There are 4 protein chains.
Amino acid sequence: MKTIKDSVHDHIEVGGVARDLLDTPAVQRLRNVVQLGTASLVYPSANHTRFEHSLGVYHLACEALDHLGVQGQNAKRVKAAALLHDVGHGPFSHNLEALTHRRTGKYHDDVHELFERGEIGAVLRSHDLSPVAVADLVAGDGKYGQIVSGELDVDRMDYLVRDAHHTGVPYGTIDHGRLVRELTFDAGDDLVLDEGNVQTAESLLVARALMIPTIYDHHVTRISKVLLRRAGERLLESTTIDAQELRRMDDPAFLVSLRNEPATVEYARRFDERDLPKRALWAELEDTPEDLLSLDHADVRGFEMEIAERAGVDDRDVILDVPGEPSMTESSTRVLVNGEARRLHEQSPLVDALRAANRAQWRLGVYAPADQTEAVGTAAASVLGMDFDGALVSEVRTGLQETLRSFQGEGT
Amino acid sequence: MKTIKDSVHDHIEVGGVARDLLDTPAVQRLRNVVQLGTASLVYPSANHTRFEHSLGVYHLACEALDHLGVQGQNAKRVKAAALLHDVGHGPFSHNLEALTHRRTGKYHDDVHELFERGEIGAVLRSHDLSPVAVADLVAGDGKYGQIVSGELDVDRMDYLVRDAHHTGVPYGTIDHGRLVRELTFDAGDDLVLDEGNVQTAESLLVARALMIPTIYDHHVTRISKVLLRRAGERLLESTTIDAQELRRMDDPAFLVSLRNEPATVEYARRFDERDLPKRALWAELEDTPEDLLSLDHADVRGFEMEIAERAGVDDRDVILDVPGEPSMTESSTRVLVNGEARRLHEQSPLVDALRAANRAQWRLGVYAPADQTEAVGTAAASVLGMDFDGALVSEVRTGLQETLRSFQGEGT
Amino acid sequence: MKTIKDSVHDHIEVGGVARDLLDTPAVQRLRNVVQLGTASLVYPSANHTRFEHSLGVYHLACEALDHLGVQGQNAKRVKAAALLHDVGHGPFSHNLEALTHRRTGKYHDDVHELFERGEIGAVLRSHDLSPVAVADLVAGDGKYGQIVSGELDVDRMDYLVRDAHHTGVPYGTIDHGRLVRELTFDAGDDLVLDEGNVQTAESLLVARALMIPTIYDHHVTRISKVLLRRAGERLLESTTIDAQELRRMDDPAFLVSLRNEPATVEYARRFDERDLPKRALWAELEDTPEDLLSLDHADVRGFEMEIAERAGVDDRDVILDVPGEPSMTESSTRVLVNGEARRLHEQSPLVDALRAANRAQWRLGVYAPADQTEAVGTAAASVLGMDFDGALVSEVRTGLQETLRSFQGEGT
Amino acid sequence: MKTIKDSVHDHIEVGGVARDLLDTPAVQRLRNVVQLGTASLVYPSANHTRFEHSLGVYHLACEALDHLGVQGQNAKRVKAAALLHDVGHGPFSHNLEALTHRRTGKYHDDVHELFERGEIGAVLRSHDLSPVAVADLVAGDGKYGQIVSGELDVDRMDYLVRDAHHTGVPYGTIDHGRLVRELTFDAGDDLVLDEGNVQTAESLLVARALMIPTIYDHHVTRISKVLLRRAGERLLESTTIDAQELRRMDDPAFLVSLRNEPATVEYARRFDERDLPKRALWAELEDTPEDLLSLDHADVRGFEMEIAERAGVDDRDVILDVPGEPSMTESSTRVLVNGEARRLHEQSPLVDALRAANRAQWRLGVYAPADQTEAVGTAAASVLGMDFDGALVSEVRTGLQETLRSFQGEGT
C-alpha cells in the first residue's frame, strides 16, 4: 500500500491493481496533461494535471465503494476504471478533442484499444481483470459504471473540488464527503442519492452552473482553446502527424510541435506569449437559428474567409467560435424522495433556472487581433446576419448594440 | 492601530473610533452572544460569536470604503456603524428576537437609545460622530447605510463566509474579495455591483439559498430555537425580568436564569442535555391559507392546548412552530448591465427558482417528546386541518401522507 | 451510525457506545466549556469547545485503531475513553484546575467516580465495558491507554490542529493524517512512530513549541486566566460552593456565579468587559532560585500583600503569577530508527533547542491596573528581589532594564 | 489595474509597470517553468509554476512596501524587481542550474543582460526605470534589494506558503501576513523584524527546516533531479545546444529535446515514465572529508566510471550525487530586541539545532537501476572508501550497516 499526498484529499492510499497501473507509461503520461486546458491563462494557479485528478477520482471511488458495500471483483474493476478513466485524453484535455477524436470514430473504441494493448492490458490481466470490462465501466456501462461515469460519478465530484482549489474560485466547493456517503443503489440498480438529499444534489448542479461561465467558458479560456485548435488543424494539414498520433501526445510534445512547424509557429508564439486575439463579436446564442448551431468545420472556415474578405484582413486572423449548448448532466441526477427515485429536474425548480442561466450566458464569438476587432466585428455581424435571414443581426441590433460597442476593440 | 487575528480574514487592523468602541462593554458583551443561536446543536463547531462577526463586518466595511473611495467623516461613520451593527442583539442572537423586541417597539429605536447613552455615545462623540447618524447607518438609511445594511451589505458577506467556515458546510464560500471590489455607486447613489457581475450577485443568492435549509432552518436548529423561545416566554411570565432586561442579557445570563427559575428549569435541562422534542407533524406550507400564517402568540397557544387535549398530553409538551416565509433580500441586489442598474430578480432566472426552492422547503412543525409524537402528530393534523376548512388536512392526505408516516415518531 | 459535520475533520461517524455516550449530560455539558479558556480574549475566533474537541479525538482514535489493527473490546474501550477523556474538566478547561482539583486529590480518582456513577456508567455497562477500565485508559494506563493519553496521543493531534484552525494561527498544522497512519506498537508494546518518522515526530514538537508562546502562554491569556482564578478563589471563600461543585459547573454557570456574588462581581466585570490588569513586572524565569518556583498559595498572597503595601495600593489590585516551567511531553515520543525505538530527545537535536527556546520565553508576571503598573512594578522588583538574595533584582537590573521600562504602563 | 485570482493570495492587483511587464515573453515564459522542478514526482499536486510564484512575490512586495511606507520610484523599482526576480531561471528551475549557469559566469550578469535587452528593457525604460537598477535589486543590492532578495525577502515568504499549499504538506504555513506587517528598517537601513518577533523569525526558519527534507531534498526529488541533470549534460555534449540556449528553454522545450536526441532518449523515457534509478548507497555526509565535498564534474564522472567497472555495469547506469551542505539563509534574519538588531542565530537556540537537524539528514547518494543496486552499492562503498582513506567506508560499516542493508535493492 503506497500513500500519496494530495493537496485536495490529503492522503490517498493506492494498493493492488491501482498501484501497478500507476506505474504504466499511459498513466504517468497524464502528469504532462493539464486538467483545465487553457484555463491557466485566466487562473495562473490552475496547473493541476489529469494525473492528480485521476488519483483523486480513484480515491473517491474507493470511498464510494466502501459506503455502497461493493467488494471483490466488482470493486477492483471500478477502482481500475477510476484510475484509468482519463488515459485516452489528448494534449490539453478536452481542448483538442474535436481534432484528436474526429477521424477515428468514437472515443469509446479508442479506450478499449488502449486498455487491451500494452502495459495496461498486461497489468489488468495479471490482476484477473478483463480490459474490456474495465473499459466498459469507463464508458459508464452497467450498474457499477455509474460510479465512474454518470450523473453522480466520482469524476465530477473530484474535478469540481479540485478545479475550485487550484483556480482559487470558491464556487465549486461541493460537499464531496457527503455526496459519497449518500450514494445508494435503488431497486432498479440505478445509482441514486439517499432520502433527504434533494439539496445535496442541487448543490452539485449549482457548483457546476457557477463554474461553467467563471472558469470553463470564460472568454479567455475559450479564445485560447480555439487558437490551440486552429493550430492543431494546421499541424495535421502540414505534417505527417495524424489524429491518432496527436491524441497520444502530451502537452509538451504538442507545444513543441507547434513551435517547430513553420505553418504553426505563429500560433505557438501567440499562445506562449499570451498574445491572444480579442473578441470582435460576442453574441447571445439563445434564439439562434438551428443552422448556425449545426455548422461543420468546412462551414466555419467558409464564414471565416467571407468575414475576412469583407473586413479586408488575412483569413488566418479571423476565428469563428460556435460552441455547443452548455449541458448539465447533473440535471438528471436521481434522488430518493419518499422511497421513489426521482430525476432532479422533476423535483427541483432550480434545474430549469440554472439551465436558463447558463443558456443566457451562451455566446457565439468572432475573434481577431486587437487592431482588427472593429473591422472584423462589423463584417462578422453582417456576414452571419445575412446568411441567417437577419435573425442574428436583428438580435445584435436590438439587444447587443451595447455589447457590440463595448466589445469591439476591447482588451482581453 | 491594533492588529487582531481572525480565523476568516486573517489579520484585521482596528484603529481610530473602532479601536475605542472595541473596548466598550456593549461591544465586549458580544463575545458572549453566539452568532448562530442554536445551530451548534447541529454543527458542533459553530460556536462563533457576534464579536468576531462584528470585527469581520468592520474589516469588510474598511475594504469596501477603500474601493469605493469614501473617506473622511462618511467613512468614519460607516466604520463605527459596521462594528456596532449587532450590539442591539439579545441572547442567542435572532432566536429570542420575538420576545426581546416584541413589547418595546421596533429594534431601530432601541439601537438609537443604545448608541446615544453610555460609553458608546461617549466614544462616538469624542470622535466627532453623531450617535444618531451612526444608528441611522445601522438601520440602512442613506447612501452609505447601504454598505452596512442592504442587499449588498458587508454584514451578509461576512456571515455567509464565517458561518460556512465554522459549520464546515462548504456552500457559503462566496467570493467576498470580489464582491467588495466590485461595489460602486450608480448615478442615483444606489450601491450596485459593477458591470459583468450578474453572476457574482447570483453566487451570493445561491450561497444564501443553500445555507438556509442546511443551517439556518435545519429542523434541529428550529426545534431548539422554539424550545428556547418558549423558555423565554415562561421566564418573562414567571419573574420580574422584562423584555428590555432580557434583551440586554448575554447567553450565559439567559441560560443560568432558565436553570434557576423553577418554571423554566425543565426547559434548561432539555436544552443543556440536548434532550429535544421531535417532529410530530412536519407539513409543507406553500399553499397554506393566509390565516395560518398570520397567527399571533395567543392563537398559537390556543392551538397547542387544543392539540394537547385531543392527544391527551400535557399542553407544555406540544409546540406549534409556524415560521414566516423565507425571504431573500439578495434578490433585489442591483447590478450594472450595459450601464443601467437592474435588480437581480429582473435579470436572473435563478432568483425565482431559488425562491421557489426555498418555499418548497418551508415547513410548519409540531413538536412533542419522542414518546408522544404519534399521538400529537395525529391530533395536530386533525386540529389544524379542521380549523382551516380541511385545506391543510387534504394537503396532508395527498402530498404528505408519506411525510406524515415517516416523521411521526422519527428521531431528531 | 450518526454522521456529524466538523470544521476540522469534515465528517465524523459516531456509532455504538460512542453514540450513546454522546447523549449523556456529562458529554453534552462540554458544549459549554471552551477549549482554550481565556485565549479568545487574544484570538476572538477561538470559541471552540471541549465537545467538538472530544468528537475530534474520538475520530482520530477510530482512525488510529484502524491503522493499528486493534479491534473488539479493546477498540471499543479506547473509543469510549477518547470521547470521554475531557468530561472531568471544570469550567474554562485548565484555567481553574488549580482550584477545582486542589482539595479533592488527584484528577484521576475524580474521573473514575464520574465514569462509574450516573449515565456514563450505565451506558458503558450496557455495552459490556467496565467503567474502571475505560477510566484507566483516560489516565493513560496500559498498552492502549497510550493512544488516549501519552506522548503520541490523539488528544494532542486534535487540539494542535483545532486550536490552529480556530485561532487562525498557522503554526499548529501538523500532518495528523500521517501521524495516525504511522503509529505502531513496538516489541515491548510501546506506541511508537514507524521507521522514517523522526521528522514527523519533530513536527509535532515544533508545532507545540510555536503554539505555547503564541497562544497558550500569550500574556493576555495568562493575565485573564489568573484573574479568573483569583475570582474563583474568592468565590470558594465567600460562598458555600466547594471545589467539587465548582468543577461540575460549566462556563456560563461559573461566569454568572461571579457576577452574582458581591465578593467577585468586580472580577466578573473586568473579565466581561476585558478591562484587564496590565503587566507591572515581566521577568525572565530561567535562572530563578528554586524557592520562587515552589511557592504555595499562601506565599503568593504574602508577596502580593507586601508588594501592595510598598506600592501603596489595594492588595486586591496586585497579582503575582509564577507559572510552572513549560514542559513538552512530546520530547519523549518514541520513533523507530533502524528497528529500535528511540526517544525523540535522544535522536533529535531539536528537542533541547525547543526546550531552551521555550524556557527563554518563560516569565514571571506581576499585574496591576493600568494606572498602577509603575508603582507596583517597582515595588515588586524590590520585594521579590530582596527575598531572594537579590538574584531576581540583579537580573531585572541588567537584562530586564529595557523590558521593565517598556512594560511599565504598557497597554495589554 | 488588473485583478488576478491566485489560489494562495486570493486577489492580486497588478498595475503600472508590473502590468506591462506581465505581458512580456520573458515573464509569460515562466508559465512553462515549474516551481519545484521534479518534486511533483513525489507530490503529484505540486505543478505550480514560476509565473504564479512571481505574481505572489510581487503581491507581497506591494504589501511590504505599503507597511514600510516606501513610495515613488523606489517602490516602483522594487515591484518590477519582485515580478522579474525569476526570469533568469532555466527549465525545471534550480534543477539544471549547474548546467545552465556553469559556463557563462555568474547568474547575476545574466540577469543584467536579460533586463537591459528586449521587451523587459523597453518596458522598464518606458516607466522611467533603469534596467541596471532593477537587476541590482534582484541581486539583493542596496537598502531596498533586501525586500526582494535577503534573509527576510518576500520571495521566501511566498514560496514557503505556496509550496505547502500545492504539495499539501502542512509545514510551510508561515504567517506571511504577520511577517510582512512586522518588517521595518533599522537605523543602519537594514531590513529587520520589529520588536517582539523573535518567534515570528523562528517560525520562518522552522518552516524551511521542515520543508527541506520533506520536499526539497526528498530522495525521489533528488534522484530525478540528478537524472535530469545527467540528461542535460549529454544534451550539451551531443548537440549544438549550449548553456545559454539551454537556459532560455522552458520545461516543454527541454523535455522534448531530450526525447528527440538519441543520446538522451533513454533519460527522457525514464523521466516520463517515472522509471527512476534507486538508491544503491545512501550515506550520512556530516563528517565526510573536505575532498569529497569539493569534487568537480570530472571527479564525479571518474568515480562513477570506477564504481561501474567494479560493479560490472554500464557506467551510464551509475549516478553519484554529492549535494552541497544544506544552508539556511534565514538564520541570519535580523530582529529588533530591546531596540537593537540581532541576528537570529545570536538570539535563538533553535538556529543551531535546526542546522544540526538538517546536517544530520544530509546524504551522499549513489543511484542505479533497481536490479543493480546491490552490486553498485557495494562497489561504491568500496571505491569511495578507498579514495578517502577509509573514512567513509568505516562510517558506512559502523553507522550505516543498517542503512546499507535496508537501502540496497530498496524500491523508490
# chains A, B, ... in the order shown; residues from 1 in each chain; ligands from 1

$ interface_residues --of "chain D" --to "chain B" --cutoff "9 Å" --atoms "only C-alpha atoms" --output "list in words"
Asp10, His11, Gly177 and Arg178 of chain D

$ write_last_selection --atoms "all heavy atoms" --output "mmCIF file, in the first residue's frame"
data_model
loop_
_atom_site.group_PDB
_atom_site.id
_atom_site.type_symbol
_atom_site.label_atom_id
_atom_site.label_comp_id
_atom_site.auth_asym_id
_atom_site.auth_seq_id
_atom_site.Cartn_x
_atom_site.Cartn_y
_atom_site.Cartn_z
ATOM 1 N N ASP D 10 -5.473 34.922 -3.006
ATOM 2 C CA ASP D 10 -6.813 35.302 -3.445
ATOM 3 C C ASP D 10 -6.761 36.315 -4.609
ATOM 4 O O ASP D 10 -6.555 35.885 -5.730
ATOM 5 C CB ASP D 10 -7.645 35.832 -2.270
ATOM 6 C CG ASP D 10 -9.142 35.699 -2.546
ATOM 7 O OD1 ASP D 10 -9.486 35.013 -3.523
ATOM 8 O OD2 ASP D 10 -9.949 36.263 -1.810
ATOM 9 N N HIS D 11 -6.927 37.600 -4.350
ATOM 10 C CA HIS D 11 -6.892 38.560 -5.448
ATOM 11 C C HIS D 11 -5.580 39.338 -5.438
ATOM 12 O O HIS D 11 -5.203 39.899 -4.427
ATOM 13 C CB HIS D 11 -8.053 39.552 -5.352
ATOM 14 C CG HIS D 11 -9.381 38.919 -5.622
ATOM 15 N ND1 HIS D 11 -10.185 38.431 -4.627
ATOM 16 C CD2 HIS D 11 -10.035 38.667 -6.784
ATOM 17 C CE1 HIS D 11 -11.286 37.918 -5.163
ATOM 18 N NE2 HIS D 11 -11.228 38.046 -6.454
ATOM 19 N N GLY D 177 1.259 37.066 6.519
ATOM 20 C CA GLY D 177 0.583 38.333 6.810
ATOM 21 C C GLY D 177 1.297 39.077 7.926
ATOM 22 O O GLY D 177 1.519 40.285 7.856
ATOM 23 N N ARG D 178 1.676 38.339 8.949
ATOM 24 C CA ARG D 178 2.369 38.964 10.064
ATOM 25 C C ARG D 178 3.796 39.366 9.679
ATOM 26 O O ARG D 178 4.264 40.456 10.026
ATOM 27 C CB ARG D 178 2.417 38.005 11.262
ATOM 28 C CG ARG D 178 3.105 38.630 12.444
ATOM 29 C CD ARG D 178 3.044 37.796 13.710
ATOM 30 N NE ARG D 178 3.854 38.459 14.709
ATOM 31 C CZ ARG D 178 3.379 39.030 15.799
ATOM 32 N NH1 ARG D 178 2.104 38.983 16.043
ATOM 33 N NH2 ARG D 178 4.182 39.650 16.644
#

$ calpha_fit_rmsd --fixed "chain D" --moving "chain A"
0.1 Å

$ closest_residue --among "D:Glu273, D:Glu116, D:Leu285, D:Val351" --to "Leu22 in chain A" --atoms "only C-alpha atoms"
D:Glu273

$ residues_around --residues "Gly88 in chain D" --least-positions-apart "5" --cutoff "8 Å" --atoms "only C-alpha atoms" --output "list in words"
Tyr107, Asp110, Val111, Leu114, Arg247 and Arg248 of chain D

$ write_last_selection --atoms "N, CA, C and O atoms" --output "JSON list (two decimals), in the first residue's frame"
[["chain", "number", "residue", "atom", "x", "y", "z"],
["D", 107, "TYR", "N", 25.15, 34.12, -12.49],
["D", 107, "TYR", "CA", 23.75, 34.35, -12.73],
["D", 107, "TYR", "C", 23.43, 35.84, -12.84],
["D", 107, "TYR", "O", 22.77, 36.30, -13.74],
["D", 110, "ASP", "N", 23.88, 37.56, -16.05],
["D", 110, "ASP", "CA", 22.87, 37.13, -16.99],
["D", 110, "ASP", "C", 21.58, 37.91, -16.79],
["D", 110, "ASP", "O", 20.92, 38.31, -17.73],
["D", 111, "VAL", "N", 21.22, 38.12, -15.54],
["D", 111, "VAL", "CA", 20.01, 38.88, -15.25],
["D", 111, "VAL", "C", 20.15, 40.30, -15.79],
["D", 111, "VAL", "O", 19.23, 40.84, -16.41],
["D", 114, "LEU", "N", 19.50, 40.19, -19.45],
["D", 114, "LEU", "CA", 18.08, 39.96, -19.73],
["D", 114, "LEU", "C", 17.25, 41.23, -19.54],
["D", 114, "LEU", "O", 16.27, 41.45, -20.24],
["D", 247, "ARG", "N", 19.46, 27.54, -21.06],
["D", 247, "ARG", "CA", 18.90, 28.38, -20.01],
["D", 247, "ARG", "C", 17.63, 29.10, -20.45],
["D", 247, "ARG", "O", 16.78, 29.43, -19.64],
["D", 248, "ARG", "N", 17.52, 29.36, -21.73],
["D", 248, "ARG", "CA", 16.35, 30.09, -22.22],
["D", 248, "ARG", "C", 15.18, 29.17, -22.57],
["D", 248, "ARG", "O", 14.10, 29.63, -22.88]]

$ atom_distance --atom1 "CA of Arg156 in chain C" --atom2 "CA of Ile12 in chain A"
23.4 Å

$ residues_around --residues "range 167-169 of chain B" --least-positions-apart "2" --cutoff "6 Å" --atoms "only C-alpha atoms" --output "mmCIF file with C-alpha atoms, in the first residue's frame"
data_model
loop_
_atom_site.group_PDB
_atom_site.id
_atom_site.type_symbol
_atom_site.label_atom_id
_atom_site.label_comp_id
_atom_site.auth_asym_id
_atom_site.auth_seq_id
_atom_site.Cartn_x
_atom_site.Cartn_y
_atom_site.Cartn_z
ATOM 1 C CA TYR B 43 -22.965 21.755 13.828
ATOM 2 C CA SER B 45 -18.112 23.648 15.605
ATOM 3 C CA ALA B 46 -20.466 26.585 15.097
ATOM 4 C CA ASP B 163 -20.937 30.552 9.060
ATOM 5 C CA ALA B 164 -19.573 28.259 6.350
ATOM 6 C CA HIS B 165 -16.106 28.273 7.927
ATOM 7 C CA TYR B 171 -21.912 26.168 0.443
ATOM 8 C CA ASP C 6 -16.901 19.015 11.935
ATOM 9 C CA SER C 7 -14.995 22.063 10.776
#

$ residues_around --residues "range 296-303 of chain B" --least-positions-apart "4" --cutoff "9 Å" --atoms "only C-alpha atoms" --output "PyMOL selection string"
chain B and resi 307-308+315+319-322+380+383-384

$ atom_distance --atom1 "CA of Pro277 in chain B" --atom2 "CA of Arg222 in chain B"
10.8 Å

$ residues_around --residues "range 54-60 of chain D" --least-positions-apart "4" --cutoff "8 Å" --atoms "only C-alpha atoms" --output "PDB file with N, CA and C atoms, in the first residue's frame"
ATOM      1  N   ASP D   6      -5.607  34.309  -7.419  1.00  0.00           N
ATOM      2  CA  ASP D   6      -4.495  33.424  -7.079  1.00  0.00           C
ATOM      3  C   ASP D   6      -4.967  32.449  -6.011  1.00  0.00           C
ATOM      4  N   VAL D   8      -3.345  31.197  -3.646  1.00  0.00           N
ATOM      5  CA  VAL D   8      -2.744  31.455  -2.335  1.00  0.00           C
ATOM      6  C   VAL D   8      -3.175  32.813  -1.759  1.00  0.00           C
ATOM      7  N   HIS D   9      -3.003  33.874  -2.532  1.00  0.00           N
ATOM      8  CA  HIS D   9      -3.286  35.213  -2.003  1.00  0.00           C
ATOM      9  C   HIS D   9      -4.660  35.752  -2.406  1.00  0.00           C
ATOM     10  N   ILE D  12      -4.939  39.392  -6.584  1.00  0.00           N
ATOM     11  CA  ILE D  12      -3.702  40.161  -6.720  1.00  0.00           C
ATOM     12  C   ILE D  12      -3.963  41.277  -7.716  1.00  0.00           C
ATOM     13  N   GLU D  13      -3.718  42.501  -7.294  1.00  0.00           N
ATOM     14  CA  GLU D  13      -3.935  43.620  -8.207  1.00  0.00           C
ATOM     15  C   GLU D  13      -2.617  44.004  -8.857  1.00  0.00           C
ATOM     16  N   ARG D  50       6.650  29.068 -11.884  1.00  0.00           N
ATOM     17  CA  ARG D  50       7.359  30.306 -11.536  1.00  0.00           C
ATOM     18  C   ARG D  50       6.506  31.547 -11.856  1.00  0.00           C
ATOM     19  N   ALA D  64       4.487  44.733   1.550  1.00  0.00           N
ATOM     20  CA  ALA D  64       5.631  45.106   2.376  1.00  0.00           C
ATOM     21  C   ALA D  64       5.964  46.587   2.190  1.00  0.00           C
ATOM     22  N   LYS D  79       8.843  46.779  -7.046  1.00  0.00           N
ATOM     23  CA  LYS D  79       7.744  45.998  -7.626  1.00  0.00           C
ATOM     24  C   LYS D  79       8.183  45.316  -8.925  1.00  0.00           C
ATOM     25  N   ALA D  80       8.891  46.069  -9.763  1.00  0.00           N
ATOM     26  CA  ALA D  80       9.383  45.481 -11.012  1.00  0.00           C
ATOM     27  C   ALA D  80      10.340  44.329 -10.711  1.00  0.00           C
ATOM     28  N   ALA D  82      10.476  42.478  -8.077  1.00  0.00           N
ATOM     29  CA  ALA D  82       9.763  41.337  -7.490  1.00  0.00           C
ATOM     30  C   ALA D  82       9.136  40.487  -8.585  1.00  0.00           C
ATOM     31  N   LEU D  83       8.503  41.140  -9.551  1.00  0.00           N
ATOM     32  CA  LEU D  83       7.846  40.382 -10.617  1.00  0.00           C
ATOM     33  C   LEU D  83       8.859  39.690 -11.521  1.00  0.00           C
ATOM     34  N   LEU D  84      10.025  40.316 -11.650  1.00  0.00           N
ATOM     35  CA  LEU D  84      11.029  39.808 -12.597  1.00  0.00           C
ATOM     36  C   LEU D  84      12.064  38.880 -11.971  1.00  0.00           C
ATOM     37  N   HIS D  85      12.019  38.719 -10.659  1.00  0.00           N
ATOM     38  CA  HIS D  85      13.171  38.105  -9.992  1.00  0.00           C
ATOM     39  C   HIS D  85      13.527  36.715 -10.503  1.00  0.00           C
ATOM     40  N   ASP D  86      12.594  36.020 -11.155  1.00  0.00           N
ATOM     41  CA  ASP D  86      12.885  34.647 -11.589  1.00  0.00           C
ATOM     42  C   ASP D  86      13.027  34.480 -13.099  1.00  0.00           C
ATOM     43  N   VAL D 154      10.518  38.719   0.393  1.00  0.00           N
ATOM     44  CA  VAL D 154       9.162  38.257   0.097  1.00  0.00           C
ATOM     45  C   VAL D 154       9.168  37.029  -0.802  1.00  0.00           C
ATOM     46  N   ASP D 155      10.283  36.764  -1.440  1.00  0.00           N
ATOM     47  CA  ASP D 155      10.413  35.558  -2.254  1.00  0.00           C
ATOM     48  C   ASP D 155      10.183  34.321  -1.397  1.00  0.00           C
ATOM     49  N   MET D 157       8.891  34.155   1.562  1.00  0.00           N
ATOM     50  CA  MET D 157       7.561  34.141   2.190  1.00  0.00           C
ATOM     51  C   MET D 157       6.542  33.518   1.246  1.00  0.00           C
ATOM     52  N   ASP D 158       6.655  33.874  -0.026  1.00  0.00           N
ATOM     53  CA  ASP D 158       5.696  33.309  -0.971  1.00  0.00           C
ATOM     54  C   ASP D 158       5.950  31.831  -1.204  1.00  0.00           C
ATOM     55  N   VAL D 180       5.060  40.259   6.850  1.00  0.00           N
ATOM     56  CA  VAL D 180       5.072  41.454   6.019  1.00  0.00           C
ATOM     57  C   VAL D 180       4.775  42.709   6.841  1.00  0.00           C
TER      58      VAL D 180
END

$ select_by_dssp --residues "range 280-369 of chain D" --states "strand (DSSP E)" --output "ChimeraX atom specification"
/D:280-284,319-321,334-337,340-343,363-368

$ residues_around --residues "Leu36 in chain C" --least-positions-apart "6" --cutoff "9 Å" --atoms "only C-alpha atoms" --output "PyMOL selection string"
chain C and resi 46-50+92-95+163+215-216

$ write_last_selection --atoms "N, CA, C and O atoms" --output "PDB file, in the first residue's frame"
ATOM      1  N   ALA C  46     -11.405  32.020  18.710  1.00  0.00           N
ATOM      2  CA  ALA C  46     -11.101  30.770  19.422  1.00  0.00           C
ATOM      3  C   ALA C  46     -12.186  30.420  20.434  1.00  0.00           C
ATOM      4  O   ALA C  46     -11.943  30.374  21.636  1.00  0.00           O
ATOM      5  N   ASN C  47     -13.396  30.167  19.941  1.00  0.00           N
ATOM      6  CA  ASN C  47     -14.516  29.837  20.813  1.00  0.00           C
ATOM      7  C   ASN C  47     -14.885  28.366  20.753  1.00  0.00           C
ATOM      8  O   ASN C  47     -15.990  27.986  21.141  1.00  0.00           O
ATOM      9  N   HIS C  48     -13.988  27.554  20.234  1.00  0.00           N
ATOM     10  CA  HIS C  48     -14.307  26.134  20.120  1.00  0.00           C
ATOM     11  C   HIS C  48     -14.386  25.496  21.506  1.00  0.00           C
ATOM     12  O   HIS C  48     -13.778  25.960  22.462  1.00  0.00           O
ATOM     13  N   THR C  49     -15.155  24.413  21.580  1.00  0.00           N
ATOM     14  CA  THR C  49     -15.466  23.821  22.883  1.00  0.00           C
ATOM     15  C   THR C  49     -14.831  22.443  23.064  1.00  0.00           C
ATOM     16  O   THR C  49     -14.377  21.825  22.101  1.00  0.00           O
ATOM     17  N   ARG C  50     -14.842  21.988  24.301  1.00  0.00           N
ATOM     18  CA  ARG C  50     -14.380  20.638  24.618  1.00  0.00           C
ATOM     19  C   ARG C  50     -15.257  19.585  23.934  1.00  0.00           C
ATOM     20  O   ARG C  50     -14.829  18.449  23.762  1.00  0.00           O
ATOM     21  N   PHE C  92     -13.923  26.641  32.017  1.00  0.00           N
ATOM     22  CA  PHE C  92     -12.732  27.248  31.406  1.00  0.00           C
ATOM     23  C   PHE C  92     -11.544  26.293  31.363  1.00  0.00           C
ATOM     24  O   PHE C  92     -10.398  26.707  31.514  1.00  0.00           O
ATOM     25  N   SER C  93     -11.866  25.010  31.194  1.00  0.00           N
ATOM     26  CA  SER C  93     -10.846  23.982  30.990  1.00  0.00           C
ATOM     27  C   SER C  93      -9.736  24.043  32.033  1.00  0.00           C
ATOM     28  O   SER C  93     -10.021  23.996  33.222  1.00  0.00           O
ATOM     29  N   HIS C  94      -8.514  24.158  31.592  1.00  0.00           N
ATOM     30  CA  HIS C  94      -7.395  24.090  32.536  1.00  0.00           C
ATOM     31  C   HIS C  94      -7.261  25.339  33.402  1.00  0.00           C
ATOM     32  O   HIS C  94      -6.518  25.332  34.378  1.00  0.00           O
ATOM     33  N   ASN C  95      -7.988  26.385  33.076  1.00  0.00           N
ATOM     34  CA  ASN C  95      -7.751  27.648  33.782  1.00  0.00           C
ATOM     35  C   ASN C  95      -7.971  27.578  35.285  1.00  0.00           C
ATOM     36  O   ASN C  95      -7.287  28.256  36.054  1.00  0.00           O
ATOM     37  N   ASP C 163      -6.875  24.024  17.505  1.00  0.00           N
ATOM     38  CA  ASP C 163      -6.527  25.337  18.059  1.00  0.00           C
ATOM     39  C   ASP C 163      -5.978  26.244  16.954  1.00  0.00           C
ATOM     40  O   ASP C 163      -6.269  27.443  16.923  1.00  0.00           O
ATOM     41  N   ILE C 215      -0.073  31.251  21.672  1.00  0.00           N
ATOM     42  CA  ILE C 215      -1.460  31.111  22.116  1.00  0.00           C
ATOM     43  C   ILE C 215      -1.546  30.801  23.607  1.00  0.00           C
ATOM     44  O   ILE C 215      -2.054  31.588  24.391  1.00  0.00           O
ATOM     45  N   TYR C 216      -1.046  29.626  23.973  1.00  0.00           N
ATOM     46  CA  TYR C 216      -1.314  29.122  25.321  1.00  0.00           C
ATOM     47  C   TYR C 216      -0.725  30.012  26.413  1.00  0.00           C
ATOM     48  O   TYR C 216      -1.317  30.196  27.463  1.00  0.00           O
TER      49      TYR C 216
END

$ select_by_dssp --residues "range 67-184 of chain C" --states "helix (DSSP H, G or I)" --output "ChimeraX atom specification"
/C:67-68,72-84,93-100,107-116,118-126,131-138,142-148,154-167,170-172,176-182
